[in-house]
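Visitor: Dropping a structure here in structure tokens format, bear with me for questions.
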Amino acid sequence: MNNRAFSFPVRSCRDLLLLLLWGLSILWLAYHGTLALYLHPSLQPYTLGAGFCLLVLAGFAARDIINKGIKREGFHQSGHDHSCCSSKEDHVHANADVHAHGHDHHLDHEGHGHSHGETSGIASLTFKTLLLFLPLVMIHAGNGTKFSISTVQNRGVVQDLANLPAAKPGNNASVAPVSTAPIATSASSSSSTSGSPQPMPIQVIDLLYAVQMPSYREEFEGKEVEMTGQFVPLTTGNPNGDRFQAIRLFITCCAADAKPVGVTVRYHGSLNVPEMGWIKITGIPTFPIEGGRRAAVLEARKVEECAAPDEPFVY
Amino acid sequence: MFLAVGWFHFSLPDFQYAFLSILLEGIPFLLGGALLSGILEEFLPQSLMTRLLPSNPQLAVVVSGLLGVIFPVCECGIVPVVRRLMRKGLPVSCGVTYMLAAPIVNPLVILSTLAAFRGQAAWEMASLRFVLGLSVAILAGWVASFFPPFLILRSGVISSGEDHHHHAESRSLLDKLQNMASVAIRDFLDVAVYFVIGAAAASLFSTAVNQEIILPLAAHPTLAIASLMGLASVLSVCSTTDAFIAATLTTFPMAAKLAFLVFGPMMDFKLLFLYGAAFSRRFILFLAVGLFVVIGLLCWRISALNLGW
């Protein structure tokens, strides 16, 4: 059957397009630094390498299309009856569902004008193609680069490091120091900090370690610290309305496995921070026994809204 | 877009974020598997596998399970390979064992398991996955050796008489690379479809469902194991990337995650259909039930050992 209308290699062109778009999208994410919002730093090179590799494969896919086109033209010109077969390797068995070389049957008949299963084949190919384009649409048109409070509440905030085995104290201490803008009035203390020592920059996770380790705890007790986290209001266990949680997302591999870790902050001033907004807290850590177990409570002197740190995660 | 119904709080941006994270994390491993598949297809003769097997049938089953270490093929590509090998004389029992073991014991899967469970007893999980997967596959092969092939295989699988040798030895290296790349591309995009679906399901599960709701299930060893095996079937994720999804199920015990990682690559929903290209429906049903029970029992025993993970 020499139906020229079906000679366009639809699937091969689709494969080429997908490989190109996926590869370029990964490189685009890496170029704009967005890859770091999705992946642990140790995994980013693999994904970046995969992006390059996809482009190389796209090159092979393009070469394949060109070769098939040349051979098909040759067959047509010589009047060969097997114009459907672009090469010797493309011969297929009449009754095989799947070719021994992993070649899809309908794939090998691509562009051949065969009628069997054509409709279902086209529907299946269309469905699969749409699925494979879906992530690309999300990358370029979606707005999913951070979690809302909904996911944090669904996963629960970890305050016991026993539930976070990979955590290391002081690891990756990335405190956001830039563009802070005071948004709240000073409350419990109005004393000036001029002349006093700079607050010690710490991480949420440091305080959780301090809860478990007395020696580590002594490092913080009575000292003023500065900590960056995301604001999560406390709806339970907050009878005086003066408590909230400062959380960070701890990831093992990627954002999908992010586990919120947080400490309770007590602040007597008024706050106007959006849920999951980034805040910088200055205060003194305390480690009282609450509910029969030791907990970390940061007595805040000052709470400021701030920009998200370059490294939004704790690893 | 935000939807909240009791224990279900769906946020589209959150779903997108988790979904893309899983995809971006899994793509290198998915691609690595597809490239290996292409290399094997082009550069390793299939007859080499049959030459490696010992004459003792039971020992041959054991060796065929270990062949997955040397000839790694992920579960999506394994069925056509096994069918071709059986046509070329590989015993059916060895074919069953190789098919079940290869997606689990291959080096890429071990590496991805280690990477995914970093900080969560990675070596223990990777080792147990390897040993349990291999043992169950060997057991399945031994059981299969008691049945005649016509009860196990779909009719015409062995006696179709098809044996085409398409690969001309005189082809240039570039042509061989071209074929390797073509196989890799096809495998990658075919499997990527299932991975997209699996990642979407996992993202929905991990962002929208209040995990406190399923905590009672996760806290019950038997139910946790059974439920994660069911989840593995539903998600139908490639074995090279499933560990990354299992690692996000932080509320479930490690034994349940182990069951997820062993049962999933052997019998998920997509494999249920793929196996039909080579095996009889009766055998597939028997295999599905048998694997569910055996893996469930073994993981339940492992959870009782109190390994401290």
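How things are named: the first chain in the structure tokens is A, the next is B, and so on; residues count from 1 in each chain; ligands count from 1 in the order shown.
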Produce a table with one row for each residue of chain A that has an atom at most 6 Å from any atom of chain B, each row naming the nearest atom pair and its distance in Å at one decimal; use only C-alpha atoms; arrange rows by chain and rising residue number; format as a tab-separated table.

Guide:
residue	atom	partner	partner_atom	distance
A:Tyr38	CA	B:Ser21	CA	5.0
A:Tyr46	CA	B:Pro28	CA	5.8
A:Thr47	CA	B:Pro28	CA	5.4
A:Ala50	CA	B:Pro28	CA	5.0
A:Glu89	CA	B:His166	CA	5.2
A:Ala100	CA	B:Pro80	CA	5.7
A:Asn143	CA	B:Pro13	CA	5.7
A:Gly144	CA	B:Pro13	CA	4.2
A:Thr145	CA	B:Tyr17	CA	5.4
A:Phe147	CA	B:Asp14	CA	5.1
A:Thr151	CA	B:Thr207	CA	5.0
A:Asn154	CA	B:Asn210	CA	4.1
A:Arg155	CA	B:Gln211	CA	5.8
A:Ala166	CA	B:Gly119	CA	4.2
A:Cys254	CA	B:Ser21	CA	5.8
A:Ala255	CA	B:Ser21	CA	5.7
A:Ala256	CA	B:Ala18	CA	4.3
A:Asp257	CA	B:Thr248	CA	4.5

Visitor: Could you pull the residues within 10 Å of B:Val92, counting only C-alpha atoms, minus those fewer than 5 positions along the same chain, as a list in words?

Guide: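 Answer for this query is Val61, Val82, Arg83, Leu85, Met86, Arg87, Thr97, Tyr98, Gly141, Ala144, Ser145, Phe147, Pro148, Pro149, Phe150, Ile152, Leu153, Ile158 and Phe279 of chain B.
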
Visitor: Deliver the residues from the most recent selection as a file, using all heavy atoms, as a compact mmCIF listing (two decimals), in the first residue's frame.

Guide:
# COMPACT_ATOMS: atom_id res chain seq x y z
N VAL B 61 17.86 -22.07 37.17
CA VAL B 61 16.89 -21.05 37.63
C VAL B 61 17.60 -20.01 38.49
O VAL B 61 17.39 -18.80 38.33
CB VAL B 61 15.73 -21.73 38.41
CG1 VAL B 61 14.91 -20.69 39.16
CG2 VAL B 61 14.85 -22.52 37.48
N VAL B 82 12.28 -11.73 27.31
CA VAL B 82 12.08 -13.09 27.83
C VAL B 82 11.40 -13.96 26.78
O VAL B 82 11.76 -15.13 26.59
CB VAL B 82 11.24 -13.03 29.13
CG1 VAL B 82 10.72 -14.41 29.50
CG2 VAL B 82 12.09 -12.49 30.26
N ARG B 83 10.44 -13.39 26.09
CA ARG B 83 9.74 -14.16 25.06
C ARG B 83 10.71 -14.60 23.97
O ARG B 83 10.71 -15.75 23.54
CB ARG B 83 8.60 -13.32 24.47
CG ARG B 83 7.63 -14.13 23.66
CD ARG B 83 6.38 -13.35 23.37
NE ARG B 83 6.60 -12.35 22.35
CZ ARG B 83 5.62 -11.81 21.63
NH1 ARG B 83 4.37 -12.20 21.86
NH2 ARG B 83 5.84 -10.91 20.72
N LEU B 85 13.96 -14.94 24.30
CA LEU B 85 14.90 -15.91 24.87
C LEU B 85 14.27 -17.29 24.97
O LEU B 85 14.93 -18.30 24.71
CB LEU B 85 15.35 -15.44 26.26
CG LEU B 85 16.31 -14.24 26.27
CD1 LEU B 85 16.54 -13.76 27.69
CD2 LEU B 85 17.63 -14.60 25.61
N MET B 86 13.00 -17.34 25.35
CA MET B 86 12.32 -18.64 25.46
C MET B 86 12.17 -19.27 24.08
O MET B 86 12.25 -20.48 23.93
CB MET B 86 10.97 -18.48 26.15
CG MET B 86 11.11 -18.17 27.65
SD MET B 86 9.60 -18.28 28.62
CE MET B 86 8.59 -17.03 27.89
N ARG B 87 11.93 -18.44 23.07
CA ARG B 87 11.86 -18.97 21.71
C ARG B 87 13.19 -19.57 21.29
O ARG B 87 13.25 -20.50 20.50
CB ARG B 87 11.50 -17.85 20.74
CG ARG B 87 10.03 -17.56 20.68
CD ARG B 87 9.77 -16.43 19.73
NE ARG B 87 8.36 -16.05 19.75
CZ ARG B 87 7.91 -14.86 19.39
NH1 ARG B 87 8.74 -13.93 19.00
NH2 ARG B 87 6.63 -14.60 19.43
N THR B 97 11.91 -16.65 36.18
CA THR B 97 12.80 -16.11 37.21
C THR B 97 13.52 -14.87 36.72
O THR B 97 13.60 -13.85 37.43
CB THR B 97 13.83 -17.19 37.63
OG1 THR B 97 13.12 -18.28 38.20
CG2 THR B 97 14.82 -16.64 38.64
N TYR B 98 14.04 -14.95 35.51
CA TYR B 98 14.76 -13.79 34.96
C TYR B 98 13.84 -12.58 34.84
O TYR B 98 14.20 -11.45 35.20
CB TYR B 98 15.36 -14.15 33.60
CG TYR B 98 16.04 -12.98 32.92
CD1 TYR B 98 17.16 -12.38 33.49
CD2 TYR B 98 15.55 -12.46 31.73
CE1 TYR B 98 17.79 -11.30 32.89
CE2 TYR B 98 16.16 -11.38 31.12
CZ TYR B 98 17.28 -10.80 31.70
OH TYR B 98 17.88 -9.72 31.10
N GLY B 141 10.35 -19.43 39.87
CA GLY B 141 10.91 -20.24 38.78
C GLY B 141 10.86 -21.72 39.11
O GLY B 141 10.51 -22.55 38.27
N ALA B 144 7.36 -22.86 38.81
CA ALA B 144 7.00 -22.94 37.39
C ALA B 144 7.58 -24.17 36.72
O ALA B 144 7.00 -24.71 35.76
CB ALA B 144 7.47 -21.68 36.67
N SER B 145 8.72 -24.65 37.22
CA SER B 145 9.37 -25.82 36.59
C SER B 145 8.54 -27.10 36.77
O SER B 145 8.78 -28.08 36.08
CB SER B 145 10.78 -26.01 37.15
OG SER B 145 10.71 -26.41 38.51
N PHE B 147 5.35 -27.27 36.20
CA PHE B 147 4.21 -27.23 35.27
C PHE B 147 4.70 -27.30 33.82
O PHE B 147 5.75 -26.75 33.50
CB PHE B 147 3.39 -25.95 35.48
CG PHE B 147 2.77 -25.85 36.84
CD1 PHE B 147 3.42 -25.18 37.87
CD2 PHE B 147 1.55 -26.44 37.10
CE1 PHE B 147 2.86 -25.10 39.14
CE2 PHE B 147 0.97 -26.36 38.35
CZ PHE B 147 1.63 -25.69 39.38
N PRO B 148 3.92 -27.96 32.96
CA PRO B 148 4.31 -28.00 31.55
C PRO B 148 4.18 -26.60 30.92
O PRO B 148 3.30 -25.82 31.30
CB PRO B 148 3.31 -28.97 30.93
CG PRO B 148 2.16 -29.01 31.86
CD PRO B 148 2.69 -28.72 33.23
N PRO B 149 5.03 -26.30 29.99
CA PRO B 149 5.04 -24.95 29.39
C PRO B 149 3.68 -24.52 28.83
O PRO B 149 3.34 -23.34 28.90
CB PRO B 149 6.08 -25.07 28.27
CG PRO B 149 6.99 -26.16 28.73
CD PRO B 149 6.13 -27.13 29.48
N PHE B 150 2.89 -25.48 28.29
CA PHE B 150 1.63 -25.06 27.66
C PHE B 150 0.64 -24.50 28.68
O PHE B 150 -0.28 -23.76 28.32
CB PHE B 150 1.01 -26.21 26.85
CG PHE B 150 0.38 -27.29 27.69
CD1 PHE B 150 -0.94 -27.21 28.12
CD2 PHE B 150 1.10 -28.42 28.05
CE1 PHE B 150 -1.52 -28.20 28.89
CE2 PHE B 150 0.53 -29.43 28.82
CZ PHE B 150 -0.78 -29.32 29.24
N ILE B 152 1.64 -22.61 31.17
CA ILE B 152 2.21 -21.33 31.61
C ILE B 152 2.19 -20.28 30.50
O ILE B 152 1.87 -19.11 30.74
CB ILE B 152 3.67 -21.54 32.10
CG1 ILE B 152 3.66 -22.45 33.34
CG2 ILE B 152 4.35 -20.22 32.42
CD1 ILE B 152 5.03 -22.82 33.82
N LEU B 153 2.54 -20.75 29.31
CA LEU B 153 2.70 -19.78 28.22
C LEU B 153 1.43 -19.59 27.42
O LEU B 153 0.58 -20.48 27.34
CB LEU B 153 3.82 -20.27 27.28
CG LEU B 153 5.21 -20.37 27.88
CD1 LEU B 153 6.18 -20.96 26.86
CD2 LEU B 153 5.70 -19.01 28.36
N ILE B 158 6.13 -20.12 21.89
CA ILE B 158 7.38 -20.82 21.57
C ILE B 158 7.38 -21.32 20.14
O ILE B 158 8.38 -21.23 19.43
CB ILE B 158 7.60 -21.99 22.54
CG1 ILE B 158 7.94 -21.45 23.92
CG2 ILE B 158 8.72 -22.89 22.06
CD1 ILE B 158 8.18 -22.51 24.95
N PHE B 279 2.48 -14.97 28.58
CA PHE B 279 1.99 -16.00 29.50
C PHE B 279 0.47 -16.11 29.48
O PHE B 279 -0.23 -15.15 29.10
CB PHE B 279 2.46 -15.68 30.93
CG PHE B 279 3.96 -15.68 31.06
CD1 PHE B 279 4.69 -14.50 30.95
CD2 PHE B 279 4.65 -16.86 31.26
CE1 PHE B 279 6.07 -14.50 31.04
CE2 PHE B 279 6.03 -16.88 31.36
CZ PHE B 279 6.74 -15.69 31.25

Visitor: Please compute the atom CA of A:His32-atom CA of A:Thr228 distance, one decimal, in Å.

Guide: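 Here the two named atoms are 23.9 Å from each other.
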
Visitor: As a ChimeraX atom specification, please: the residues near B:Leu128 (cut-off 12 Å, only C-alpha atoms, same-chain neighbours under 6 positions excluded).

Guide: /B:104-105,110,113-114,121-122,134-136,254-255,257-259,261-262,295,298-299,302-303,307

Visitor: May I ask which of the residues A:Tyr267, A:Phe60, A:Leu125, A:Leu37 is the closest one to A:Val10, counting only C-alpha atoms?

Guide: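 When distances to A:Val10 are compared using only C-alpha atoms, the smallest one comes from A:Leu125.
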
Visitor: If we count only C-alpha atoms, what is near stretch 291-299 of chain A at a cut-off of 7 Å, once residues fewer than 2 positions away on the same chain are taken out, given as a list in words?

Guide: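 What passes the distance filter is Leu207, Leu208, Val211, Val263, Thr264, Val265, Arg266, Tyr267, Gly283, Ile284, Pro285, Thr286, Phe287, Pro288, Ile289 and Arg301 of chain A.
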
Visitor: To one decimal in Å, tell me the separation between atom CA of A:Leu35 and atom CA of A:Asp15.

Guide: 23.8 Å

Visitor: By how many Å are atom CA of A:Cys253 and atom CA of B:Met99 apart?

Guide: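 Atom-to-atom, atom CA of A:Cys253 to atom CA of B:Met99, that is 29.0 Å.
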
Visitor: Find the spatial neighbours of A:Glu275, counting only C-alpha atoms, within a cut-off of 8 Å - ignore same-chain residues fewer than 2 positions away - and output them as a PyMOL selection string.

Guide: chain A and resi 148-149+230-233+273+277

Visitor: Residues of the last selection are to be written out with N, CA and C atoms, as a PDB file, in the first residue's frame.

Guide:
ATOM      1  N   SER A 148       2.104  24.891  49.590  1.00  0.00           N
ATOM      2  CA  SER A 148       1.229  25.733  50.403  1.00  0.00           C
ATOM      3  C   SER A 148       1.115  25.109  51.788  1.00  0.00           C
ATOM      4  N   ILE A 149       0.425  25.799  52.643  1.00  0.00           N
ATOM      5  CA  ILE A 149       0.243  25.288  54.008  1.00  0.00           C
ATOM      6  C   ILE A 149      -0.588  24.003  54.012  1.00  0.00           C
ATOM      7  N   GLN A 230       9.623  29.494  57.668  1.00  0.00           N
ATOM      8  CA  GLN A 230       8.343  29.862  57.063  1.00  0.00           C
ATOM      9  C   GLN A 230       7.259  29.870  58.132  1.00  0.00           C
ATOM     10  N   PHE A 231       6.403  30.855  58.025  1.00  0.00           N
ATOM     11  CA  PHE A 231       5.389  31.080  59.053  1.00  0.00           C
ATOM     12  C   PHE A 231       4.206  30.125  58.894  1.00  0.00           C
ATOM     13  N   VAL A 232       3.944  29.385  59.971  1.00  0.00           N
ATOM     14  CA  VAL A 232       2.782  28.490  60.005  1.00  0.00           C
ATOM     15  C   VAL A 232       2.003  28.798  61.280  1.00  0.00           C
ATOM     16  N   PRO A 233       0.777  29.298  61.164  1.00  0.00           N
ATOM     17  CA  PRO A 233       0.012  29.612  62.377  1.00  0.00           C
ATOM     18  C   PRO A 233      -0.345  28.346  63.150  1.00  0.00           C
ATOM     19  N   VAL A 273       1.742  38.252  58.643  1.00  0.00           N
ATOM     20  CA  VAL A 273       2.554  37.491  57.692  1.00  0.00           C
ATOM     21  C   VAL A 273       1.662  36.459  57.016  1.00  0.00           C
ATOM     22  N   GLY A 277       4.827  32.349  54.542  1.00  0.00           N
ATOM     23  CA  GLY A 277       5.723  33.459  54.216  1.00  0.00           C
ATOM     24  C   GLY A 277       7.037  33.309  54.971  1.00  0.00           C
TER      25      GLY A 277
END

Visitor: Tell me which of A:Ala258, A:Thr126, A:Asn240, A:Thr252 sits closest to A:Pro41, counting only C-alpha atoms.

Guide: A:Thr252

Visitor: If you run DSSP on the backbone, which residues of stretch 57-100 of chain B are alpha helix (DSSP H), as number ranges by chain?

Guide: B: 57-70, 75-87, 92-100
